[in-house]
2 protein chains.
Amino acid sequence: MWAELLPIGRLASGGYRRFAWTSADMACREWFRAEAHTRGMDVETDRNGNLWAWLGGPGPDAFVTGSHLDSVPGGGAYDGPLGIVSAFAAIDALLARGSTPAQPIAVVAFVDEEGARFGVACLGSRLSIGAADPARTLALADSDGTRLAEAMHAQGHDPEQVGADPEALRRIGVFVELHVEQGRALVDLNNPIGLATAIWPHGRWRYDFLGEGNHAGTTALSDRRDPMLSYAMTVLAARKQARLADALATFGKVTVDPGGTNAIAAGVTAWLDSRAPDEATLTELVAGIEQQAADRAARDGVRLTVTAESMTPLVSFPRGPLDWAADLLGEPPRLATGAGHDAGVLASAGVPTAMVFVRNPTGVSHSPAEHAELDDCLAGVAALTELMVRHTC
Amino acid sequence: MWAELLPIGRLASGGYRRFAWTSADMACREWFRAEAHTRGMDVETDRNGNLWAWLGGPGPDAFVTGSHLDSVPGGGAYDGPLGIVSAFAAIDALLARGSTPAQPIAVVAFVDEEGARFGVACLGSRLSIGAADPARTLALADSDGTRLAEAMHAQGHDPEQVGADPEALRRIGVFVELHVEQGRALVDLNNPIGLATAIWPHGRWRYDFLGEGNHAGTTALSDRRDPMLSYAMTVLAARKQARLADALATFGKVTVDPGGTNAIAAGVTAWLDSRAPDEATLTELVAGIEQQAADRAARDGVRLTVTAESMTPLVSFPRGPLDWAADLLGEPPRLATGAGHDAGVLASAGVPTAMVFVRNPTGVSHSPAEHAELDDCLAGVAALTELMVRHTC
C-alpha cells in the first residue's frame with residue numbers, strides 16, 4: 001500500500017507537496033478510502049474534513065489510530081503517512097491473528113496538519129476540539145488569495161459544517177498517533193521506538209519590516225532605510241538568543257517587496273518559529289528577539305510590526321495512556337518534542353491520547369531526506385498492533 | 001501626453017510594473033507611436049525592438065534623444081518615461097519656434113533597460129552595440145520560465161533578427177539621454193539639471209547558499225545546517241564593507257527553498273548588487289564580501305556558490321559632447337552616477353553621447369515615491385531643446 005501512496009504529490013526533488021484541499025491531497029484521500037474499503041472498513045468524513053475508517057462500525061470506547069496525509073513544501077514521505085500506513089498495517093496484523101475486537105477500531109486522517117497552505121497548523125483537530133473559530137478559520141487565505149472556505153467548497157466539502165465536533169471525539173476510547181521522530185533522540189537512546197511525554201510550547205510570529213524602496217545603484221548608504229538589514233540582524237539575534245535559552249528559533253520563510261535585484265527593499269516580511277521546553281522560557285525568548293529586532297529597526301529607520309500568528313501552550317500527554325502504553329511496550333524511552341501534532345491538540349482537550357515515535361536515523365524531517373529503516377517501521381507497527389489488541393480484544 | 005501614459009501598468013500601490021514585452025510595455029509602445037504620428041514622425045522598430053521616431057526621415061549626423069519605457073517592479077513614473085516625454089516636448093518647442101532642422105532628429109525608446117524581467121539590464125542597447133550575445137540573450141528566461149525569444153515572438157517581433165546593429169547606430173550624430181536623477185546630488189548642488197561624467201562600474205552576483213532542509217521544531221541547533229544564517233551574516237557584511245569602501249552593496253532579492261514557516265531552509269538564493277567609483281575598489285569589495293560569506297557558510301555547514309551574473313566596467317562619457325553640452329547649458333554641475341543607462345552602453349561603444357539629469361527632490365527612485373518638480377522638468381526640456389536646436393539648425 002506504501003507503493004501506491006509514494007508517487008502522489010511528489011516533486012522532481014523527491015520532496016512532497018501535498019497541501020490541504022489540493023488535488024494532491026485529494027488523491028491521498030482517495031488512496032485512504034481505497035485502503036479502508038479493501039479491509040471492509042466504512043469511511044466517514046466528519047464536519048471538518050477529517051477521514052475516519054471504521055472497522056466494525058463507529059461506537060464508543062473505540063481504539064483510534066492515525067495521523068495526517070498532507071505535507072510541508074518539499075517535505076518527506078514519512079511525516080504523517082507513516083502513521084496512517086502503520087495503522088492499516090496494524091489492522092492487517094490484528095485480522096491475521098484471527099482476533100475479534102470487542103470494541104470499534106478506527107483509522108483517522110486529520111486534515112491540514114502542517115498548515116503549509118493556510119498558515120495555521122493542525123486545523124482539522126483544532127476545529128474539532130473547538131480551539132479554532134470556524135468563521136476566522138474559513139476566512140484564512142493561501143498565497144494565491146484562495147480562502148479555506150473556497151478551497152473546501154471546490155473539493156466538494158461544505159464549509160458551513162465546519163466547527164467543534166464533540167460527537168466525533170466522544171467515541172475515542174484512546175487515540176494513539178504513530179509518527180516518525182523528527183530529531184535524533186532515539187538514535188542516541190539506541191531504541192527503535194519511544195513514547196511522547198509532552199509537546200513544547202511553540203508558536204509563529206510574523207515580522208513586518210517596513211523601510212523605503214529605492215535605487216540600489218544611486219542611493220547613498222546614509223540615505224537608506226533598508227529593511228533587509230534589520231531582518232538580517234534579527235535572524236542572527238534569534239539564533240543566538242535561542243542557543244543561550246536552550247530553545248529553538250528559526251526564520252525559514254521570508255518575502256521581499258518589491259524583490260528586485262537593483263532595488264533596495266521597501267518591505268521585508270518574515271516568520272519566526274520558536275519553541276522552548278516551558279512557556280516562561282518561550283515568552284522570554286520571543287520578547288528578547290523582538291526587542292533586538294526593534295532596536296535595530298529603529299537604527300535603520302525601519303518600522304517593525306510583530307504579529308503573533310499562533311501560539312500553542314505546553315501539552316503534557318495524559319499519564320494514564322502513557323503509563324498503560326509504556327507498560328505494554330516494555331518501557332521504551334520517553335521523550336518530549338518540539339513538534340506540534342494532532343495528538344497534542346486532542347490531549348489538550350482532555351482526549352485520552354498517546355504518541356509512538358519511530359526512530360529516524362538522521363533526524364532529518366520536512367525534507368526529501370526524511371527516512372526510517374524498515375525494521376524500525378515494523379517495530380512501530382508491532383507496538384500499534386499490541387496496543388490495539390490489548391484495548392479491543 | 002504625460003496624462004495618457006500614466007495609467008499604463010500602474011499597480012494599486014501607485015508603483016509601475018512595465019516589464020519588457022508584456023502587455024503593459026506594448027501599451028507604452030503604442031502610446032509612443034501615437035505621439036510620434038501626431039508630430040508627423042515615422043516610427044521604425046529596429047532589429048532588437050528599439051523604437052525610433054524620425055522627424056524628417058532617418059539620416060546621418062542625427063540628433064537622437066530618448067530613454068526607455070519599461071520599469072522595475074513597483075517602480076516610479078519618471079525613470080525612463082521622463083526622457084521620452086521630454087524628447088517629444090523638445091520637438092514641440094523646436095517646431096513652435098518655426099525652426100527648420102538641417103539634420104534629422106529621432107526620439108528613441110530602448111527596450112528592456114531595467115532588466116526586471118530577464119535579469120540583464122539595458123538589453124536593447126547592449127544587443128545593438130554587439131555587447132550581448134544574441135543566442136544567449138534570447139535563451140534568458142523570466143520567473144515564469146518564458147524565454148526572451150518566446151516573449152518577443154508573442155508580441156510579433158521576430159527573434160531571428162536580434163543582434164548587433166551598426167547601421168542604426170551609425171546615424172547618430174549625438175545621443176542625449178535625459179533622466180530623472182536617482183540620488184540627491186542636485187538638491188545639495190541647488191541646480192535643476194546636471195550632466196553625467198561617468199557611470200560607476202557595477203554588477204550583480206548570485207549567492208547560492210545550500211544547507212539542509214529540516215524541521216524547525218525538532219532539530220537541535222547544533223545539528224542544523226541553516227543557510228539563512230549564512231545569508232543574514234552576508235547581508236550585514238556587505239553593508240559594512242561597502243561603507244568602509246565608500247561604495248554601494250545591496251541585497252534586494254532573496255528566495256528560500258522550501259520557504260515553509262516550520263522548516264529550516266534547505267537553500268537560500270540571493271542577489272548582490274554592488275557599485276563603486278572605480279573598478280579596483282569594486283573588485284576588492286566584491287571579493288571581500290564573498291570571503292566573509294564563505295567563512296560564515298563554512299561555519300554553518302553550508303555550501304556557497306557565487307556566480308557573477310553581469311559586470312559592467314566604468315563608463316566615462318566622452319569629453320567632446322560633455323563639454324559642448326556644458327558650454328551651451330551654462331556649465332551645470334557635473335556628476336558621476338551608480339546607475340546604468342542606455343547612454344552609458346552607447347558611450348562604451350564609442351557613440352557620441354551625453355546625459356542630462358533632472359533634479360529629484362527626495363532622491364527616491366525605483367519606488368512609487370519617485371518624483372521631479374514641474375519647473376525642473378521644464379528646465380530639462382529647455383536644455384534638450386537648446387541642444388537639439390544647436391545641433392540641427
# chains A, B, ... in the order shown; residues from 1 in each chain; ligands from 1
>>> interface_residues(of="chain A", to="chain B", cutoff="8 Å", atoms="only C-alpha atoms", output="mmCIF file with N, CA, C and O atoms, in the first residue's frame")
data_model
loop_
_atom_site.group_PDB
_atom_site.id
_atom_site.type_symbol
_atom_site.label_atom_id
_atom_site.label_comp_id
_atom_site.auth_asym_id
_atom_site.auth_seq_id
_atom_site.Cartn_x
_atom_site.Cartn_y
_atom_site.Cartn_z
ATOM 1 N N VAL A 72 4.441 19.524 4.352
ATOM 2 C CA VAL A 72 5.040 20.852 4.172
ATOM 3 C C VAL A 72 5.549 20.938 2.724
ATOM 4 O O VAL A 72 5.645 19.915 2.048
ATOM 5 N N PRO A 73 5.920 22.133 2.235
ATOM 6 C CA PRO A 73 6.502 22.207 0.885
ATOM 7 C C PRO A 73 7.841 21.474 0.849
ATOM 8 O O PRO A 73 8.713 21.734 1.672
ATOM 9 N N GLY A 74 7.981 20.541 -0.097
ATOM 10 C CA GLY A 74 9.240 19.800 -0.210
ATOM 11 C C GLY A 74 9.473 18.865 0.958
ATOM 12 O O GLY A 74 10.618 18.558 1.303
ATOM 13 N N ALA A 116 0.592 24.223 5.942
ATOM 14 C CA ALA A 116 1.502 24.766 4.921
ATOM 15 C C ALA A 116 0.775 25.696 3.961
ATOM 16 O O ALA A 116 1.379 26.585 3.387
ATOM 17 N N GLN A 182 11.371 13.343 14.652
ATOM 18 C CA GLN A 182 11.890 14.450 13.840
ATOM 19 C C GLN A 182 13.134 15.039 14.486
ATOM 20 O O GLN A 182 13.416 16.225 14.376
ATOM 21 N N GLY A 183 13.866 14.172 15.157
ATOM 22 C CA GLY A 183 15.134 14.531 15.752
ATOM 23 C C GLY A 183 15.913 13.235 15.903
ATOM 24 O O GLY A 183 15.513 12.199 15.359
ATOM 25 N N ARG A 204 4.224 30.900 16.098
ATOM 26 C CA ARG A 204 4.724 31.597 14.906
ATOM 27 C C ARG A 204 4.442 33.084 15.045
ATOM 28 O O ARG A 204 3.327 33.477 15.367
ATOM 29 N N GLY A 213 11.615 51.788 -0.345
ATOM 30 C CA GLY A 213 12.139 51.286 -1.607
ATOM 31 C C GLY A 213 12.956 52.373 -2.289
ATOM 32 O O GLY A 213 12.588 53.551 -2.233
ATOM 33 N N ASN A 214 14.066 51.984 -2.908
ATOM 34 C CA ASN A 214 14.886 52.981 -3.588
ATOM 35 C C ASN A 214 15.843 52.281 -4.543
ATOM 36 O O ASN A 214 15.903 51.058 -4.586
ATOM 37 N N HIS A 215 16.594 53.086 -5.287
ATOM 38 C CA HIS A 215 17.507 52.551 -6.303
ATOM 39 C C HIS A 215 18.792 52.082 -5.628
ATOM 40 O O HIS A 215 19.432 52.835 -4.907
ATOM 41 N N ALA A 216 19.151 50.819 -5.912
ATOM 42 C CA ALA A 216 20.327 50.236 -5.256
ATOM 43 C C ALA A 216 21.630 50.829 -5.775
ATOM 44 O O ALA A 216 22.667 50.680 -5.151
ATOM 45 N N GLY A 217 21.573 51.515 -6.922
ATOM 46 C CA GLY A 217 22.811 51.988 -7.535
ATOM 47 C C GLY A 217 23.097 53.453 -7.299
ATOM 48 O O GLY A 217 24.162 53.937 -7.693
ATOM 49 N N THR A 218 22.164 54.174 -6.695
ATOM 50 C CA THR A 218 22.339 55.623 -6.617
ATOM 51 C C THR A 218 22.050 56.188 -5.227
ATOM 52 O O THR A 218 22.378 57.337 -4.972
ATOM 53 N N THR A 219 21.437 55.397 -4.358
ATOM 54 C CA THR A 219 21.072 55.927 -3.049
ATOM 55 C C THR A 219 22.238 55.754 -2.086
ATOM 56 O O THR A 219 22.675 54.622 -1.839
ATOM 57 N N ALA A 220 22.737 56.863 -1.564
ATOM 58 C CA ALA A 220 23.844 56.800 -0.605
ATOM 59 C C ALA A 220 23.450 55.906 0.576
ATOM 60 O O ALA A 220 22.283 55.885 0.985
ATOM 61 N N LEU A 221 24.409 55.167 1.127
ATOM 62 C CA LEU A 221 24.111 54.271 2.251
ATOM 63 C C LEU A 221 23.447 55.044 3.388
ATOM 64 O O LEU A 221 22.513 54.557 4.027
ATOM 65 N N MET A 228 16.085 45.057 4.830
ATOM 66 C CA MET A 228 16.814 43.794 4.746
ATOM 67 C C MET A 228 17.889 43.724 5.836
ATOM 68 O O MET A 228 18.192 42.645 6.358
ATOM 69 N N LEU A 229 18.453 44.877 6.172
ATOM 70 C CA LEU A 229 19.467 44.908 7.227
ATOM 71 C C LEU A 229 18.849 44.536 8.573
ATOM 72 O O LEU A 229 19.408 43.743 9.335
ATOM 73 N N TYR A 231 16.179 42.823 9.086
ATOM 74 C CA TYR A 231 15.823 41.406 9.052
ATOM 75 C C TYR A 231 17.053 40.532 9.301
ATOM 76 O O TYR A 231 17.015 39.595 10.105
ATOM 77 N N ALA A 232 18.150 40.839 8.603
ATOM 78 C CA ALA A 232 19.356 40.008 8.716
ATOM 79 C C ALA A 232 19.848 39.964 10.157
ATOM 80 O O ALA A 232 20.192 38.899 10.688
ATOM 81 N N MET A 233 19.841 41.112 10.791
ATOM 82 C CA MET A 233 20.304 41.134 12.175
ATOM 83 C C MET A 233 19.362 40.339 13.084
ATOM 84 O O MET A 233 19.798 39.680 14.018
ATOM 85 N N VAL A 235 17.631 37.662 12.272
ATOM 86 C CA VAL A 235 17.900 36.232 12.069
ATOM 87 C C VAL A 235 19.047 35.774 12.979
ATOM 88 O O VAL A 235 18.960 34.742 13.657
ATOM 89 N N LEU A 236 20.108 36.579 12.999
ATOM 90 C CA LEU A 236 21.279 36.201 13.801
ATOM 91 C C LEU A 236 20.979 36.327 15.295
ATOM 92 O O LEU A 236 21.408 35.493 16.105
ATOM 93 N N ARG A 243 20.038 29.804 21.401
ATOM 94 C CA ARG A 243 21.140 28.978 21.912
ATOM 95 C C ARG A 243 21.326 29.231 23.403
ATOM 96 O O ARG A 243 21.453 28.299 24.204
ATOM 97 N N LEU A 248 14.579 26.807 20.687
ATOM 98 C CA LEU A 248 14.700 26.836 19.227
ATOM 99 C C LEU A 248 14.079 28.112 18.671
ATOM 100 O O LEU A 248 13.031 28.558 19.149
ATOM 101 N N ALA A 249 14.715 28.675 17.672
ATOM 102 C CA ALA A 249 14.159 29.828 16.953
ATOM 103 C C ALA A 249 14.658 29.731 15.518
ATOM 104 O O ALA A 249 15.839 29.492 15.289
ATOM 105 N N THR A 250 13.729 29.909 14.572
ATOM 106 C CA THR A 250 14.049 29.699 13.158
ATOM 107 C C THR A 250 13.319 30.710 12.294
ATOM 108 O O THR A 250 12.120 30.930 12.490
ATOM 109 N N PHE A 251 14.034 31.295 11.330
ATOM 110 C CA PHE A 251 13.381 32.021 10.241
ATOM 111 C C PHE A 251 13.547 31.164 8.991
ATOM 112 O O PHE A 251 14.661 31.010 8.497
ATOM 113 N N GLY A 252 12.460 30.582 8.492
ATOM 114 C CA GLY A 252 12.533 29.709 7.325
ATOM 115 C C GLY A 252 11.749 30.244 6.143
ATOM 116 O O GLY A 252 11.725 29.634 5.082
ATOM 117 N N LYS A 253 11.101 31.383 6.323
ATOM 118 C CA LYS A 253 10.261 31.947 5.262
ATOM 119 C C LYS A 253 10.409 33.459 5.279
ATOM 120 O O LYS A 253 10.283 34.081 6.334
ATOM 121 N N VAL A 254 10.683 34.021 4.121
ATOM 122 C CA VAL A 254 10.818 35.476 4.020
ATOM 123 C C VAL A 254 10.360 35.922 2.636
ATOM 124 O O VAL A 254 10.588 35.216 1.646
ATOM 125 N N THR A 255 9.661 37.038 2.574
ATOM 126 C CA THR A 255 9.276 37.613 1.289
ATOM 127 C C THR A 255 9.715 39.069 1.268
ATOM 128 O O THR A 255 9.758 39.722 2.314
ATOM 129 N N VAL A 256 10.064 39.555 0.075
ATOM 130 C CA VAL A 256 10.610 40.901 -0.077
ATOM 131 C C VAL A 256 9.753 41.675 -1.066
ATOM 132 O O VAL A 256 9.408 41.170 -2.131
ATOM 133 N N PRO A 258 9.943 45.279 -3.272
ATOM 134 C CA PRO A 258 9.436 44.586 -4.455
ATOM 135 C C PRO A 258 10.255 43.358 -4.846
ATOM 136 O O PRO A 258 9.804 42.587 -5.674
ATOM 137 N N GLY A 259 11.441 43.174 -4.290
ATOM 138 C CA GLY A 259 12.221 41.987 -4.624
ATOM 139 C C GLY A 259 12.952 42.109 -5.953
ATOM 140 O O GLY A 259 13.057 41.137 -6.684
ATOM 141 N N GLY A 260 13.456 43.302 -6.250
ATOM 142 C CA GLY A 260 14.234 43.491 -7.476
ATOM 143 C C GLY A 260 15.718 43.512 -7.146
ATOM 144 O O GLY A 260 16.122 43.978 -6.077
ATOM 145 N N THR A 261 16.527 42.985 -8.074
ATOM 146 C CA THR A 261 17.967 42.907 -7.830
ATOM 147 C C THR A 261 18.576 44.288 -7.617
ATOM 148 O O THR A 261 19.476 44.453 -6.796
ATOM 149 N N ASN A 262 18.084 45.281 -8.371
ATOM 150 C CA ASN A 262 18.684 46.608 -8.269
ATOM 151 C C ASN A 262 17.800 47.589 -7.497
ATOM 152 O O ASN A 262 17.895 48.793 -7.686
ATOM 153 N N ALA A 263 16.961 47.058 -6.608
ATOM 154 C CA ALA A 263 16.092 47.913 -5.790
ATOM 155 C C ALA A 263 16.290 47.599 -4.316
ATOM 156 O O ALA A 263 16.222 46.435 -3.910
ATOM 157 N N ILE A 264 16.556 48.628 -3.527
ATOM 158 C CA ILE A 264 16.563 48.457 -2.081
ATOM 159 C C ILE A 264 15.145 48.052 -1.676
ATOM 160 O O ILE A 264 14.173 48.627 -2.157
ATOM 161 N N ALA A 265 15.016 47.053 -0.812
ATOM 162 C CA ALA A 265 13.689 46.569 -0.427
ATOM 163 C C ALA A 265 12.881 47.677 0.234
ATOM 164 O O ALA A 265 13.416 48.459 1.027
ATOM 165 N N TRP A 271 8.895 35.137 8.989
ATOM 166 C CA TRP A 271 8.171 34.416 10.018
ATOM 167 C C TRP A 271 9.141 33.741 10.982
ATOM 168 O O TRP A 271 10.004 32.960 10.558
ATOM 169 N N LEU A 272 8.965 34.021 12.264
ATOM 170 C CA LEU A 272 9.757 33.382 13.312
ATOM 171 C C LEU A 272 8.984 32.189 13.862
ATOM 172 O O LEU A 272 7.827 32.328 14.266
ATOM 173 N N ASP A 273 9.634 31.035 13.860
ATOM 174 C CA ASP A 273 9.099 29.841 14.516
ATOM 175 C C ASP A 273 9.942 29.641 15.760
ATOM 176 O O ASP A 273 11.166 29.559 15.673
ATOM 177 N N SER A 274 9.297 29.598 16.924
ATOM 178 C CA SER A 274 10.092 29.437 18.141
ATOM 179 C C SER A 274 9.420 28.456 19.092
ATOM 180 O O SER A 274 8.194 28.381 19.170
ATOM 181 N N ARG A 275 10.251 27.699 19.821
ATOM 182 C CA ARG A 275 9.773 26.636 20.712
ATOM 183 C C ARG A 275 10.735 26.533 21.885
ATOM 184 O O ARG A 275 11.925 26.785 21.732
ATOM 185 N N THR A 337 8.938 16.626 22.700
ATOM 186 C CA THR A 337 9.264 17.042 21.331
ATOM 187 C C THR A 337 8.877 18.499 21.100
ATOM 188 O O THR A 337 7.974 19.016 21.753
ATOM 189 N N GLY A 338 9.557 19.108 20.153
ATOM 190 C CA GLY A 338 9.241 20.486 19.791
ATOM 191 C C GLY A 338 8.197 20.593 18.699
ATOM 192 O O GLY A 338 7.784 21.698 18.355
ATOM 193 N N ALA A 339 7.772 19.469 18.153
ATOM 194 C CA ALA A 339 6.843 19.497 17.023
ATOM 195 C C ALA A 339 5.400 19.358 17.484
ATOM 196 O O ALA A 339 5.097 18.513 18.321
ATOM 197 N N GLY A 363 17.618 12.045 11.808
ATOM 198 C CA GLY A 363 16.898 13.135 12.458
ATOM 199 C C GLY A 363 16.299 14.118 11.473
ATOM 200 O O GLY A 363 15.552 15.013 11.848
ATOM 201 N N VAL A 364 16.618 13.962 10.184
ATOM 202 C CA VAL A 364 16.135 14.916 9.178
ATOM 203 C C VAL A 364 14.627 14.721 8.946
ATOM 204 O O VAL A 364 14.159 13.595 8.799
ATOM 205 N N SER A 365 13.901 15.812 8.932
ATOM 206 C CA SER A 365 12.464 15.778 8.647
ATOM 207 C C SER A 365 12.097 17.039 7.876
ATOM 208 O O SER A 365 12.902 17.948 7.758
ATOM 209 N N HIS A 366 10.868 17.080 7.352
ATOM 210 C CA HIS A 366 10.430 18.202 6.496
ATOM 211 C C HIS A 366 11.419 18.381 5.349
ATOM 212 O O HIS A 366 11.733 19.508 4.959
ATOM 213 N N SER A 367 11.886 17.287 4.812
ATOM 214 C CA SER A 367 12.887 17.290 3.750
ATOM 215 C C SER A 367 12.784 15.960 3.015
ATOM 216 O O SER A 367 12.389 14.946 3.594
#
>>> residues_around(residues="Cys28 (chain A)", least_positions_apart="4", cutoff="7 Å", atoms="only C-alpha atoms", output="CSV table (one decimal) with C-alpha atoms, in the first residue's frame")
chain,number,residue,atom,x,y,z
A,5,LEU,CA,0.9,6.4,-2.0
A,8,ILE,CA,1.3,11.3,-5.1
A,24,ALA,CA,-2.5,16.0,-4.4
A,32,PHE,CA,-7.1,6.2,2.1
A,69,LEU,CA,-1.6,12.9,4.8
>>> select_by_dssp(residues="region 1-160 of chain B", states="helix (DSSP H, G or I)", output="ChimeraX atom specification")
/B:2-5,23-38,81-96,123-129,134-138,148-154,159-160
>>> select_by_dssp(residues="region 116-273 of chain A", states="strand (DSSP E)", output="number ranges by chain")
A: 172-180, 193-199, 202-210, 214-215, 248-257, 263-264, 267-273
>>> residues_around(residues="Asp165 (chain A)", least_positions_apart="2", cutoff="9 Å", atoms="only C-alpha atoms", output="ChimeraX atom specification")
/A:46-48,127-130,162-163,167-170
>>> residues_around(residues="Ala3 (chain B)", least_positions_apart="2", cutoff="12 Å", atoms="only C-alpha atoms", output="ChimeraX atom specification")
/B:1,5-8,31,77,81,85
>>> atom_distance(atom1="CA of His37 (chain B)", atom2="CA of Trp52 (chain B)")
11.8 Å
>>> residues_around(residues="Ala93 (chain A)", least_positions_apart="4", cutoff="10 Å", atoms="only C-alpha atoms", output="ChimeraX atom specification")
/A:87-89,97-99,381-382,384-386,389
>>> atom_distance(atom1="CA of Met41 (chain B)", atom2="CA of Val108 (chain B)")
11.8 Å
>>> decode(residues="region 101-114 of chain A", atoms="N, CA and C atoms", output="PDB file, in the first residue's frame")
ATOM      1  N   PRO A 101     -12.093  -8.082  17.633  1.00  0.00           N
ATOM      2  CA  PRO A 101     -12.147  -6.936  18.538  1.00  0.00           C
ATOM      3  C   PRO A 101     -13.534  -6.775  19.146  1.00  0.00           C
ATOM      4  N   ALA A 102     -13.566  -6.526  20.456  1.00  0.00           N
ATOM      5  CA  ALA A 102     -14.835  -6.293  21.145  1.00  0.00           C
ATOM      6  C   ALA A 102     -15.230  -4.824  21.086  1.00  0.00           C
ATOM      7  N   GLN A 103     -14.242  -3.939  20.811  1.00  0.00           N
ATOM      8  CA  GLN A 103     -14.540  -2.507  20.666  1.00  0.00           C
ATOM      9  C   GLN A 103     -14.286  -2.074  19.223  1.00  0.00           C
ATOM     10  N   PRO A 104     -14.906  -0.963  18.844  1.00  0.00           N
ATOM     11  CA  PRO A 104     -14.639  -0.449  17.490  1.00  0.00           C
ATOM     12  C   PRO A 104     -13.192   0.025  17.346  1.00  0.00           C
ATOM     13  N   ILE A 105     -12.710  -0.046  16.114  1.00  0.00           N
ATOM     14  CA  ILE A 105     -11.373   0.450  15.768  1.00  0.00           C
ATOM     15  C   ILE A 105     -11.524   1.426  14.607  1.00  0.00           C
ATOM     16  N   ALA A 106     -10.816   2.541  14.701  1.00  0.00           N
ATOM     17  CA  ALA A 106     -10.850   3.494  13.586  1.00  0.00           C
ATOM     18  C   ALA A 106      -9.440   3.932  13.217  1.00  0.00           C
ATOM     19  N   VAL A 107      -9.262   4.136  11.901  1.00  0.00           N
ATOM     20  CA  VAL A 107      -8.057   4.802  11.402  1.00  0.00           C
ATOM     21  C   VAL A 107      -8.489   6.205  10.988  1.00  0.00           C
ATOM     22  N   VAL A 108      -7.794   7.209  11.512  1.00  0.00           N
ATOM     23  CA  VAL A 108      -8.185   8.586  11.217  1.00  0.00           C
ATOM     24  C   VAL A 108      -7.075   9.296  10.443  1.00  0.00           C
ATOM     25  N   ALA A 109      -7.498  10.124   9.486  1.00  0.00           N
ATOM     26  CA  ALA A 109      -6.565  11.013   8.774  1.00  0.00           C
ATOM     27  C   ALA A 109      -7.030  12.438   9.021  1.00  0.00           C
ATOM     28  N   PHE A 110      -6.299  13.141   9.900  1.00  0.00           N
ATOM     29  CA  PHE A 110      -6.669  14.535  10.171  1.00  0.00           C
ATOM     30  C   PHE A 110      -6.250  15.414   8.994  1.00  0.00           C
ATOM     31  N   VAL A 111      -7.098  16.376   8.681  1.00  0.00           N
ATOM     32  CA  VAL A 111      -6.843  17.244   7.516  1.00  0.00           C
ATOM     33  C   VAL A 111      -5.952  18.424   7.931  1.00  0.00           C
ATOM     34  N   ASP A 112      -5.079  18.820   7.023  1.00  0.00           N
ATOM     35  CA  ASP A 112      -4.277  20.057   7.159  1.00  0.00           C
ATOM     36  C   ASP A 112      -3.543  20.141   8.489  1.00  0.00           C
ATOM     37  N   GLU A 113      -2.705  19.151   8.746  1.00  0.00           N
ATOM     38  CA  GLU A 113      -1.915  19.162   9.969  1.00  0.00           C
ATOM     39  C   GLU A 113      -0.775  20.147   9.895  1.00  0.00           C
ATOM     40  N   GLU A 114      -0.160  20.267   8.709  1.00  0.00           N
ATOM     41  CA  GLU A 114       1.066  21.070   8.595  1.00  0.00           C
ATOM     42  C   GLU A 114       0.788  22.574   8.537  1.00  0.00           C
TER      43      GLU A 114
END
